[in-house]
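Engineer: Take this structure, written in structure tokens, and hold onto it; I'll ask about it next.
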Amino acid sequence: MDSAASSAAAAFAGDRMAARAAGAAAPVPDPAALADAHERAADLGVGAVSDAVGTALAMFSRMADARTAVEVGTGAGVSAQWLLSGMRHDGVLTTIDIEPEHQRTARIALSGAGIASARTRLIGGRGLEVLPRLADDAYEMMFVDCGGTDHARYLAEAVRLLRPGGVVVMHGLIAAGGPARQGTATHAPAHHRSPAAVDAREALRTATEHDLLLPSLLPLGDGLLCAARV
């Protein structure tokens, strides 16, 4: 990952947060509420997106003019705050997590951030078991941050769920191994042959080859695979 790009993105996100704290209009969460959610995530022992990743989520939500969004991996509600900050003021986020304690914690964090309960729909369960029950062509934004080795399947769900012009973002693909940087798959370092690395490369290949996706890989956080639904 390009450390200079990552550092610049983090500095930019910090400036946006400072502007929001100073009262400027900016599509970012309330800094105090966000800090509280980060503390709750640490208490739970779950990951939370960085401000640089969050800023990108808010930007994509705003660019897609998202009224409906779906998230897989609620965690403690950090990414939900970022997504909602970029969505329409009446937008609704459906967020999915297999751990009930995560969603209870996220609900408290979101309430503390002043986000009306009507703006979120929390569903318990595995993402790939819940997503097939959601309506086709019904969302403008989808965010996946749940680990595992099913990212290509999540992409398939994104193509079905997103309206044309919608955006899917997946977090963690560079950290998981991403594109092999050296050697062949057979002779690559061990971490490039791990299930997570193989899954990441499959997802990247799927996004690149799919006729209805326009993808890009951004060096933010643990790596963001972003794709517009065309």
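Chain labels A, B, ... are given in the sequence in which chains occur in the structure tokens; within each chain residues are numbered consecutively from 1, and ligands are likewise numbered from 1 in the order shown.
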Residues within 12 Å of stretch 91-96 of chain A, please, as a PyMOL selection string. Count only C-alpha atoms; anything in the same chain fewer than 5 positions from it doesn't count.
Structural biologist: chain A and resi 61-62+64-86+102-104+106-107+110+115-131+134-135+138-146
Engineer: As a VMD selection string, please: every residue in stretch 95-151 of chain A that a backbone DSSP assignment puts in helix (DSSP H, G or I).
Structural biologist: chain A and resid 100 to 112 117 to 119 127 to 133 151
Engineer: Can you write just those residues out, C-alpha atoms, as a PDB file, in the first residue's frame?
Structural biologist:
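Written file, again.pdb:
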ATOM      1  CA  PRO A 100     -26.215  -9.615  18.339  1.00  0.00           C
ATOM      2  CA  GLU A 101     -23.877  -7.812  20.753  1.00  0.00           C
ATOM      3  CA  HIS A 102     -22.378  -5.834  17.888  1.00  0.00           C
ATOM      4  CA  GLN A 103     -25.771  -4.619  16.797  1.00  0.00           C
ATOM      5  CA  ARG A 104     -26.859  -3.760  20.332  1.00  0.00           C
ATOM      6  CA  THR A 105     -23.694  -1.696  20.715  1.00  0.00           C
ATOM      7  CA  ALA A 106     -24.165  -0.053  17.320  1.00  0.00           C
ATOM      8  CA  ARG A 107     -27.749   0.862  18.161  1.00  0.00           C
ATOM      9  CA  ILE A 108     -26.559   2.651  21.310  1.00  0.00           C
ATOM     10  CA  ALA A 109     -23.799   4.440  19.385  1.00  0.00           C
ATOM     11  CA  LEU A 110     -26.146   5.547  16.612  1.00  0.00           C
ATOM     12  CA  SER A 111     -28.708   6.803  19.103  1.00  0.00           C
ATOM     13  CA  GLY A 112     -25.965   8.732  20.876  1.00  0.00           C
ATOM     14  CA  SER A 117     -34.033   4.860  14.653  1.00  0.00           C
ATOM     15  CA  ALA A 118     -36.131   5.105  11.468  1.00  0.00           C
ATOM     16  CA  ARG A 119     -32.938   5.697   9.493  1.00  0.00           C
ATOM     17  CA  GLY A 127     -24.534 -11.554   5.075  1.00  0.00           C
ATOM     18  CA  LEU A 128     -24.859 -14.137   2.328  1.00  0.00           C
ATOM     19  CA  GLU A 129     -27.957 -15.562   3.986  1.00  0.00           C
ATOM     20  CA  VAL A 130     -29.634 -12.170   4.496  1.00  0.00           C
ATOM     21  CA  LEU A 131     -28.769 -10.417   1.233  1.00  0.00           C
ATOM     22  CA  PRO A 132     -30.742 -12.830  -1.012  1.00  0.00           C
ATOM     23  CA  ARG A 133     -33.870 -11.777   0.886  1.00  0.00           C
ATOM     24  CA  HIS A 151     -16.061 -11.426  -1.580  1.00  0.00           C
TER      25      HIS A 151
END
Engineer: Using only C-alpha atoms, which of the listed residues (A:Ala228, A:Ala152, A:Ala35, A:Arg193) sits closest to A:Pro164?
Structural biologist: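 When distances to A:Pro164 are compared using only C-alpha atoms, the smallest one comes from A:Ala228.
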Engineer: Could you check which of A:Gly172, A:Pro29, A:Gly166, A:Gly147 is closest to A:Ala113, using only C-alpha atoms?
Structural biologist: A:Pro29
Engineer: Could you work out how far atom CA of A:Asp51 lies from atom CA of A:Val230, giving the answer in Å with one decimal?
Structural biologist: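 Interatomic distance, atom CA of A:Val230 to atom CA of A:Asp51: 27.9 Å.
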Engineer: Between A:His171, A:Val198, A:Arg163, A:Thr208, which residue has the minimum interatomic distance to A:Gly47, considering only C-alpha atoms?
Structural biologist: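 Using only C-alpha atoms, the shortest distance to A:Gly47 belongs to A:His171.
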Engineer: Smallest atom-to-atom distance to A:Ser194: which of A:Ala11, A:Val159, A:Ala175, A:Ala52, using only C-alpha atoms?
Structural biologist: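 Counting only C-alpha atoms, the residue closest to A:Ser194 is A:Ala175.
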Engineer: Using only C-alpha atoms, which protein or nucleic acid residues come within 6 Å of stretch 210-220 of chain A? Drop anything in the same chain fewer than 3 positions from it, and give the result as an MDAnalysis selection string.
Structural biologist: chainID A and resid 1 6 53 206:207 223:230
